[in-house]
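*Asks:* Input: one structure, supplied below.
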Amino acid sequence: MSEDKKPTEAASGNFIRDIIVEDLATGKTGGRVATRFPPEPNGYLHIGHAKSICVNFGLAAQFGGTTNLRFDDTNPTAEDVEYVEAIEEDVRWLGFQWAGMHFASDYFEQLYQIAERLIERGTAYVDSSSEEEIREARGNYYKKGVPTKHRDRPAAESLDLFRRMRAGEFPDGAHVLRAKIDLTSQNMNLRDPVLYRIRHAHHHRTGDKWCIYPMYDFAHPLSDAIEEITHSICTLEFESHRPLYDWCIREAEMFPSRQIEFAKLKLTHVLMSKRNLRELVQKGLVSGWDDPRMPTLAALRRRGYTPEAIRAFAERVGVAKADSVVDFSLLEYHLREDLNRRCPRVMAVLRPLKVVIENFPDGEVRELSAPLSPEDPSHGTRKVPFSRELYIERDDFREEPPKDWFRLAPGREVRLRYACLLKCNEVIKDAAGNVVELRCTWDPNSWGGTSPDGRVVRGTLHWVSAAHAVPAEARLYDRLFSVESPGATEGRNFVEELNPASLETLTDCRVEPWLAKAEIGARFQFERLGYFCVDRDSTDGKRVWNRTVTLKDTWAKIEAKSAGKKPVAKEGSKAPRATAPAPVAAPASSATAPLPLAAEITIDDFAKLDLRVGVIRSAELIPDAKKLLKLAVDLGEGRTRQIFAGLRSSYPDPAVLVGTRVVVAANLKPRQMKWGLSEGMVLAAGGAEGDPRPHRVLTVGDDAQPGDKVR
RNA sequence: UGGGGCGUCGACAAGCGGUAAGUCACGGGACUUUGGUUCCCGCAUCCGUAGGUUCGAAUCCUACCGCCCCAACCA
């Protein structure tokens with residue numbers, strides 16, 4: 001990279017960048033970089049397209065090049081103007097500007113002329129066979145293709161037919177123009193691919209001017225060539241089309257655009273195919289293409305995602321050729337990062353619980369000035385009213401607080417953000433026993449929220465003044481699917497994998513008065529809750545707030561962990577069963593350490609494990625391994641299995657394990673380790689409280705026989 | 001019974017013969033008037049497997065294994 005045009009961002013390179021740098025160095029493209037984003041206007045753009053947009057526009061921009069927006073509108077029966085406008089809007093929203101906007105249909109005349117030339121040269125011919133006949137003659141992966149009877153028809157005859165095809169003399173399917181390449185090619189795309197077909201259909205741009213339309217494989221390379229695109233970046237599935245791409249350009253003797261393929265973006269917990277998305281819409285499982293739970297750009301925009309976050313995400317994901325599925329949490333990370341930087345902080349109570357401050361004068365209203373961003377003073381401040389009756393979040397009060405709880409509870413003291421310290425004296429319940437009100441007292445010396453005497457108050461709660469807060473609706477969105485790969489499980493429809501809690505609508509929320517006139521699309525952080533934006537369903541009287549994404553919730557994690565810690569099977573417990581819905585020991589794929597249950601492992605996954613009773617016949621330390629023990633486990637299979645388990649720290653003297661009846665995941669793929677093959681995994685659980693040992697193996701009663709199934 | 005592509009930490013992903021970057025996730029800690037942010041620390045003796053070449057291999061060679069794509073008049 002000795003020349004001036006090098007990547008501006010020193011981020012790790014990618015292979016396309018390398019190719020461009022190389023091309024620039026050798027002057028292959030005349031020092032020019034031109035890319036294009038070529039959507040077919042037959043649907044809405046989604047997050048997967050966003051990556052492609054970022055790659056095309058990003059790469060060109062990085063090298064001072066240009067990017068065209070080109071609609072690949074060669075199939076009139078599938079396409080519509082409605083989509084071209086939506087696509088334009090999405091690209092613009094993402095923050096990109098195209099150098100030129102084109103349509104493949106603009107080139108129809110040119111393309112037609114090229115086709116005629118091919119016929120004259122004898123490299124294309126009109127085939128009058130039926131679709132089935134052509135398919136049959138084309139052969140398959142193992143059978144070479146054979147010519148149809150029209151392959152050697154004189155050029156003049158083909159030309160005449162082709163002109164009459166254009167003139168509309170024939171019905172759909174009567175003839176087709178084919179490239180004459182190689183019927184015996186191992187690449188099916190080269191077995192005389194169809195170049196033109198007859199379609200008496202109205203085109204969204206050319207109207208009824210044409211009744212023959214070029215195929216993608218013909219139109220795409222030539223459109224690239226016409227626009228002198230230097231690097232035509234597309235996805236992996238077009239790799240085997242590249243020889244045809246090159247053939248078309250060579251035969252047409254045009255600008256040598258080069259096709260480069262990369263892996264398209266896939267995300268966990270998300271369905272991206274047009275077919276699946278349409279099904280969600282048509283079945284009414286979502287409210288529409290821009291339902292904030294959809295992966296379309298229109299939906300993400302409505303949900304409150306920012307273009308910056310999506311671009312940063314795309315950059316981080318990288319460009320490579322390996323099929324991959326990116327963690328949804330990576331997208332959320334970039335979203336939060338951007339939102340954290342830009343959003344003002346405000347207070348809103350989603351599930352109100354009334355608090356009456358008994359020692360605060362009735363009717364008095366104090367106003368406090370609170371910063372809109374504790375970190376960035378440039379956001380300014382706003383006024384927040386404070387009075388005798390407030391609302392706090394229901395979730396912030398527990399009558400019987402768990403361990404480590406530092407929010408409100410009877411007799412406990414918390415801080416009301418920016419206001420004061422507050423102590424709960426009494427809990428008022430309705431006839432049904434529901435908590436309906438808290439009677440509290442405040443410390444008048446703590447105004448502002450400071451501790452007057454240095455006493456430590458760990459919890460800080462958000463709140464609103466009951467009389468001043470404005471009612472609002474909140475739509476709490478979560479992932480649409482509860483499984484990592486929706487639709488991937490055999491025999492199960494993705495509809496069954498929808499997350500039943502993907503939308504929770506709360507209609508009785510209260511937000512601080514400053515928010516009463518927030519504009520549609522405006523984004524805020526509701527302190528301690530998440531990022532929200534105003535939905536277009538809002539009315540003057542009532543705003544509707546979309547939750548874009550929650551804040552990270554360490555407390556939820558702590559609570560989940562302590563709930564999961566309840567032992568499913570204690571050491572020496574009798575029955576060989578692990579019935580708890582939240583098993584504490586998860587099968588680590590690496591068998592290097594029995595981990596506490598990782599959140600990604602679902603109950604379904606756990607159910608797939610074949611858990612069997614095994615008796616440890618020998619156990620020894622591995623001299624050069626920090627964590628591993630080498631076990632020989634008898635599963636009643638007539639031999640022992642060798643299993644490496646990360647239990648060394650828990651059992652410094654492995655001899656005590658010999659003879660122990662343990663639970664073994666028997667159907668895991670054997671894993672080759674440095675010291676040999678590990679053929680399974682011994683389940684272990686986190687130690688009981690106070691137990692210094694990190695893990696204990698799950699054991700079963702003496703009556704269990706090696707090989708017994710554990711349920 | 002064919003052709004093409006790809007296999008590096010739980011997920012992405014650098015690396016291009018000189019001895020495994022980074023990010024997310026995860027775990028631990030500091031700080032904190034958001035259990036947020038921020039900041040520290042930890043997290044692949046190993047690069048699908050097996051051989052080979054080399055002083056030296058994730059990088060080169062060979063074989064094997066696994067996954068993805070291709071037999072539309074879709075794009």
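Chains: A, B, ... in order of the structure tokens. Residues: from 1 per chain. Ligands: from 1, in order shown.
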Residues at most 12 Å from C16 of chain B, counting only C-alpha atoms (C1' of nucleotides), excluding those fewer than 2 positions away in the same chain, as a ChimeraX atom specification?

*Replies:* /A:15,18 /B:14,58-60

*Asks:* Distance limit 9 Å, atoms considered: only C-alpha atoms (C1' of nucleotides). Which chain B residues sit that close to chain A? Return them as a ChimeraX atom specification.

*Replies:* /B:1-7,10-14,21-26,33-37,49,67-71,73-75

*Asks:* Any chance you could list, as a ChimeraX atom specification, the residues in segment 93-159 of chain A that come up strand (DSSP E or B) when DSSP is run on the backbone?

*Replies:* /A:100-103,124-127

*Asks:* Show which residues sit within 12 Å of Asp290 of chain A, as a PDB file with all heavy atoms, in the first residue's frame. Count only C-alpha atoms (C1' of nucleotides), and ignore same-chain residues fewer than 6 positions away.

*Replies:*
ATOM      1  N   TYR A  44     -39.317  -5.054   0.270  1.00  0.00           N
ATOM      2  CA  TYR A  44     -38.672  -4.052   1.105  1.00  0.00           C
ATOM      3  C   TYR A  44     -37.263  -4.475   1.476  1.00  0.00           C
ATOM      4  O   TYR A  44     -36.967  -5.662   1.600  1.00  0.00           O
ATOM      5  CB  TYR A  44     -39.496  -3.816   2.371  1.00  0.00           C
ATOM      6  CG  TYR A  44     -40.840  -3.198   2.058  1.00  0.00           C
ATOM      7  CD1 TYR A  44     -41.970  -3.989   1.879  1.00  0.00           C
ATOM      8  CD2 TYR A  44     -40.946  -1.829   1.902  1.00  0.00           C
ATOM      9  CE1 TYR A  44     -43.195  -3.419   1.561  1.00  0.00           C
ATOM     10  CE2 TYR A  44     -42.165  -1.241   1.591  1.00  0.00           C
ATOM     11  CZ  TYR A  44     -43.290  -2.041   1.416  1.00  0.00           C
ATOM     12  OH  TYR A  44     -44.483  -1.476   1.098  1.00  0.00           O
ATOM     13  N   LEU A  45     -36.426  -3.506   1.669  1.00  0.00           N
ATOM     14  CA  LEU A  45     -35.042  -3.764   2.071  1.00  0.00           C
ATOM     15  C   LEU A  45     -34.998  -4.168   3.542  1.00  0.00           C
ATOM     16  O   LEU A  45     -35.760  -3.659   4.365  1.00  0.00           O
ATOM     17  CB  LEU A  45     -34.236  -2.482   1.875  1.00  0.00           C
ATOM     18  CG  LEU A  45     -33.335  -2.336   0.637  1.00  0.00           C
ATOM     19  CD1 LEU A  45     -33.849  -3.129  -0.555  1.00  0.00           C
ATOM     20  CD2 LEU A  45     -33.123  -0.884   0.303  1.00  0.00           C
ATOM     21  N   HIS A  46     -34.098  -5.091   3.864  1.00  0.00           N
ATOM     22  CA  HIS A  46     -33.941  -5.463   5.272  1.00  0.00           C
ATOM     23  C   HIS A  46     -32.494  -5.309   5.711  1.00  0.00           C
ATOM     24  O   HIS A  46     -31.638  -4.884   4.929  1.00  0.00           O
ATOM     25  CB  HIS A  46     -34.477  -6.874   5.517  1.00  0.00           C
ATOM     26  CG  HIS A  46     -33.879  -7.918   4.609  1.00  0.00           C
ATOM     27  ND1 HIS A  46     -32.535  -8.196   4.579  1.00  0.00           N
ATOM     28  CD2 HIS A  46     -34.467  -8.747   3.701  1.00  0.00           C
ATOM     29  CE1 HIS A  46     -32.306  -9.159   3.707  1.00  0.00           C
ATOM     30  NE2 HIS A  46     -33.457  -9.505   3.138  1.00  0.00           N
ATOM     31  N   ALA A  86     -39.639   3.111  -1.947  1.00  0.00           N
ATOM     32  CA  ALA A  86     -39.276   2.682  -0.592  1.00  0.00           C
ATOM     33  C   ALA A  86     -37.777   2.409  -0.500  1.00  0.00           C
ATOM     34  O   ALA A  86     -37.125   2.752   0.489  1.00  0.00           O
ATOM     35  CB  ALA A  86     -40.056   1.428  -0.220  1.00  0.00           C
ATOM     36  N   LEU A 277     -41.014 -13.363   5.543  1.00  0.00           N
ATOM     37  CA  LEU A 277     -41.496 -12.073   6.024  1.00  0.00           C
ATOM     38  C   LEU A 277     -42.919 -11.822   5.522  1.00  0.00           C
ATOM     39  O   LEU A 277     -43.779 -11.342   6.249  1.00  0.00           O
ATOM     40  CB  LEU A 277     -40.564 -10.940   5.563  1.00  0.00           C
ATOM     41  CG  LEU A 277     -39.135 -11.013   6.112  1.00  0.00           C
ATOM     42  CD1 LEU A 277     -38.336  -9.791   5.680  1.00  0.00           C
ATOM     43  CD2 LEU A 277     -39.132 -11.104   7.629  1.00  0.00           C
ATOM     44  N   ARG A 278     -43.143 -12.204   4.255  1.00  0.00           N
ATOM     45  CA  ARG A 278     -44.476 -12.010   3.704  1.00  0.00           C
ATOM     46  C   ARG A 278     -45.495 -12.843   4.480  1.00  0.00           C
ATOM     47  O   ARG A 278     -46.592 -12.402   4.782  1.00  0.00           O
ATOM     48  CB  ARG A 278     -44.498 -12.383   2.224  1.00  0.00           C
ATOM     49  CG  ARG A 278     -45.763 -11.882   1.527  1.00  0.00           C
ATOM     50  CD  ARG A 278     -45.840 -12.301   0.061  1.00  0.00           C
ATOM     51  NE  ARG A 278     -44.604 -12.091  -0.667  1.00  0.00           N
ATOM     52  CZ  ARG A 278     -43.895 -13.074  -1.212  1.00  0.00           C
ATOM     53  NH1 ARG A 278     -44.290 -14.324  -1.097  1.00  0.00           N
ATOM     54  NH2 ARG A 278     -42.794 -12.806  -1.867  1.00  0.00           N
ATOM     55  N   LEU A 280     -45.377 -13.691   7.587  1.00  0.00           N
ATOM     56  CA  LEU A 280     -45.652 -13.045   8.876  1.00  0.00           C
ATOM     57  C   LEU A 280     -46.676 -11.933   8.707  1.00  0.00           C
ATOM     58  O   LEU A 280     -47.580 -11.765   9.519  1.00  0.00           O
ATOM     59  CB  LEU A 280     -44.351 -12.461   9.453  1.00  0.00           C
ATOM     60  CG  LEU A 280     -43.327 -13.464   9.978  1.00  0.00           C
ATOM     61  CD1 LEU A 280     -42.006 -12.760  10.262  1.00  0.00           C
ATOM     62  CD2 LEU A 280     -43.844 -14.146  11.231  1.00  0.00           C
ATOM     63  N   VAL A 281     -46.514 -11.177   7.631  1.00  0.00           N
ATOM     64  CA  VAL A 281     -47.425 -10.067   7.380  1.00  0.00           C
ATOM     65  C   VAL A 281     -48.809 -10.599   7.015  1.00  0.00           C
ATOM     66  O   VAL A 281     -49.824 -10.174   7.580  1.00  0.00           O
ATOM     67  CB  VAL A 281     -46.896  -9.159   6.246  1.00  0.00           C
ATOM     68  CG1 VAL A 281     -47.928  -8.098   5.882  1.00  0.00           C
ATOM     69  CG2 VAL A 281     -45.590  -8.500   6.673  1.00  0.00           C
ATOM     70  N   THR A 296     -36.945  -5.397   8.544  1.00  0.00           N
ATOM     71  CA  THR A 296     -36.863  -4.458   7.424  1.00  0.00           C
ATOM     72  C   THR A 296     -36.323  -3.120   7.913  1.00  0.00           C
ATOM     73  O   THR A 296     -36.470  -2.768   9.088  1.00  0.00           O
ATOM     74  CB  THR A 296     -38.247  -4.213   6.806  1.00  0.00           C
ATOM     75  OG1 THR A 296     -39.132  -3.733   7.823  1.00  0.00           O
ATOM     76  CG2 THR A 296     -38.834  -5.491   6.212  1.00  0.00           C
ATOM     77  N   LEU A 297     -35.726  -2.387   7.007  1.00  0.00           N
ATOM     78  CA  LEU A 297     -35.185  -1.087   7.395  1.00  0.00           C
ATOM     79  C   LEU A 297     -36.314  -0.147   7.817  1.00  0.00           C
ATOM     80  O   LEU A 297     -36.153   0.651   8.733  1.00  0.00           O
ATOM     81  CB  LEU A 297     -34.373  -0.488   6.243  1.00  0.00           C
ATOM     82  CG  LEU A 297     -33.098  -1.286   5.913  1.00  0.00           C
ATOM     83  CD1 LEU A 297     -32.318  -0.624   4.802  1.00  0.00           C
ATOM     84  CD2 LEU A 297     -32.227  -1.449   7.151  1.00  0.00           C
ATOM     85  N   ALA A 298     -37.465  -0.280   7.158  1.00  0.00           N
ATOM     86  CA  ALA A 298     -38.603   0.562   7.535  1.00  0.00           C
ATOM     87  C   ALA A 298     -39.008   0.273   8.979  1.00  0.00           C
ATOM     88  O   ALA A 298     -39.350   1.181   9.744  1.00  0.00           O
ATOM     89  CB  ALA A 298     -39.775   0.302   6.595  1.00  0.00           C
ATOM     90  N   ALA A 299     -38.961  -0.982   9.365  1.00  0.00           N
ATOM     91  CA  ALA A 299     -39.342  -1.368  10.719  1.00  0.00           C
ATOM     92  C   ALA A 299     -38.303  -0.902  11.736  1.00  0.00           C
ATOM     93  O   ALA A 299     -38.642  -0.374  12.799  1.00  0.00           O
ATOM     94  CB  ALA A 299     -39.512  -2.875  10.801  1.00  0.00           C
ATOM     95  N   LEU A 300     -37.039  -1.104  11.404  1.00  0.00           N
ATOM     96  CA  LEU A 300     -35.986  -0.699  12.334  1.00  0.00           C
ATOM     97  C   LEU A 300     -36.023   0.815  12.543  1.00  0.00           C
ATOM     98  O   LEU A 300     -35.817   1.308  13.650  1.00  0.00           O
ATOM     99  CB  LEU A 300     -34.614  -1.127  11.798  1.00  0.00           C
ATOM    100  CG  LEU A 300     -34.418  -2.642  11.673  1.00  0.00           C
ATOM    101  CD1 LEU A 300     -33.071  -2.959  11.056  1.00  0.00           C
ATOM    102  CD2 LEU A 300     -34.533  -3.304  13.042  1.00  0.00           C
ATOM    103  N   ARG A 301     -36.311   1.522  11.469  1.00  0.00           N
ATOM    104  CA  ARG A 301     -36.413   2.977  11.551  1.00  0.00           C
ATOM    105  C   ARG A 301     -37.532   3.368  12.513  1.00  0.00           C
ATOM    106  O   ARG A 301     -37.376   4.190  13.383  1.00  0.00           O
ATOM    107  CB  ARG A 301     -36.696   3.510  10.148  1.00  0.00           C
ATOM    108  CG  ARG A 301     -36.760   5.001  10.031  1.00  0.00           C
ATOM    109  CD  ARG A 301     -36.596   5.429   8.566  1.00  0.00           C
ATOM    110  NE  ARG A 301     -37.603   4.868   7.689  1.00  0.00           N
ATOM    111  CZ  ARG A 301     -37.338   4.278   6.525  1.00  0.00           C
ATOM    112  NH1 ARG A 301     -36.098   4.174   6.097  1.00  0.00           N
ATOM    113  NH2 ARG A 301     -38.305   3.781   5.788  1.00  0.00           N
ATOM    114  N   ARG A 302     -38.663   2.706  12.356  1.00  0.00           N
ATOM    115  CA  ARG A 302     -39.805   3.008  13.216  1.00  0.00           C
ATOM    116  C   ARG A 302     -39.519   2.616  14.661  1.00  0.00           C
ATOM    117  O   ARG A 302     -39.954   3.254  15.610  1.00  0.00           O
ATOM    118  CB  ARG A 302     -41.021   2.240  12.697  1.00  0.00           C
ATOM    119  CG  ARG A 302     -42.297   2.578  13.441  1.00  0.00           C
ATOM    120  CD  ARG A 302     -43.493   1.920  12.797  1.00  0.00           C
ATOM    121  NE  ARG A 302     -44.683   2.110  13.611  1.00  0.00           N
ATOM    122  CZ  ARG A 302     -45.823   1.453  13.416  1.00  0.00           C
ATOM    123  NH1 ARG A 302     -45.921   0.579  12.417  1.00  0.00           N
ATOM    124  NH2 ARG A 302     -46.858   1.661  14.212  1.00  0.00           N
ATOM    125  N   ARG A 303     -38.777   1.565  14.821  1.00  0.00           N
ATOM    126  CA  ARG A 303     -38.443   1.085  16.155  1.00  0.00           C
ATOM    127  C   ARG A 303     -37.516   2.037  16.894  1.00  0.00           C
ATOM    128  O   ARG A 303     -37.428   2.017  18.110  1.00  0.00           O
ATOM    129  CB  ARG A 303     -37.777  -0.294  15.993  1.00  0.00           C
ATOM    130  CG  ARG A 303     -37.139  -0.890  17.224  1.00  0.00           C
ATOM    131  CD  ARG A 303     -38.021  -1.921  17.866  1.00  0.00           C
ATOM    132  NE  ARG A 303     -37.307  -2.643  18.898  1.00  0.00           N
ATOM    133  CZ  ARG A 303     -37.152  -3.959  18.929  1.00  0.00           C
ATOM    134  NH1 ARG A 303     -37.665  -4.701  17.980  1.00  0.00           N
ATOM    135  NH2 ARG A 303     -36.513  -4.537  19.917  1.00  0.00           N
ATOM    136  N   GLY A 304     -36.780   2.847  16.119  1.00  0.00           N
ATOM    137  CA  GLY A 304     -35.879   3.793  16.758  1.00  0.00           C
ATOM    138  C   GLY A 304     -34.405   3.533  16.495  1.00  0.00           C
ATOM    139  O   GLY A 304     -33.541   4.217  17.043  1.00  0.00           O
ATOM    140  N   ASP A 535     -43.750   6.847  18.524  1.00  0.00           N
ATOM    141  CA  ASP A 535     -44.302   6.178  17.348  1.00  0.00           C
ATOM    142  C   ASP A 535     -45.260   7.086  16.611  1.00  0.00           C
ATOM    143  O   ASP A 535     -45.863   7.990  17.192  1.00  0.00           O
ATOM    144  CB  ASP A 535     -45.025   4.900  17.769  1.00  0.00           C
ATOM    145  CG  ASP A 535     -45.404   4.050  16.568  1.00  0.00           C
ATOM    146  OD1 ASP A 535     -44.486   3.415  16.004  1.00  0.00           O
ATOM    147  OD2 ASP A 535     -46.588   4.036  16.179  1.00  0.00           O
ATOM    148  N   ARG A 536     -45.422   6.763  15.327  1.00  0.00           N
ATOM    149  CA  ARG A 536     -46.320   7.599  14.525  1.00  0.00           C
ATOM    150  C   ARG A 536     -47.792   7.374  14.893  1.00  0.00           C
ATOM    151  O   ARG A 536     -48.661   8.119  14.457  1.00  0.00           O
ATOM    152  CB  ARG A 536     -46.105   7.307  13.042  1.00  0.00           C
ATOM    153  CG  ARG A 536     -46.317   5.857  12.657  1.00  0.00           C
ATOM    154  CD  ARG A 536     -46.923   5.740  11.277  1.00  0.00           C
ATOM    155  NE  ARG A 536     -47.409   4.393  11.094  1.00  0.00           N
ATOM    156  CZ  ARG A 536     -46.730   3.447  10.460  1.00  0.00           C
ATOM    157  NH1 ARG A 536     -45.569   3.709   9.936  1.00  0.00           N
ATOM    158  NH2 ARG A 536     -47.249   2.236  10.356  1.00  0.00           N
TER     159      ARG A 536
END

*Asks:* Quick one: distance from atom CA of Asn56 of chain A to atom CA of His269 of chain A in Å, one decimal?

*Replies:*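 Distance reported for this atom pair: 25.7 Å.
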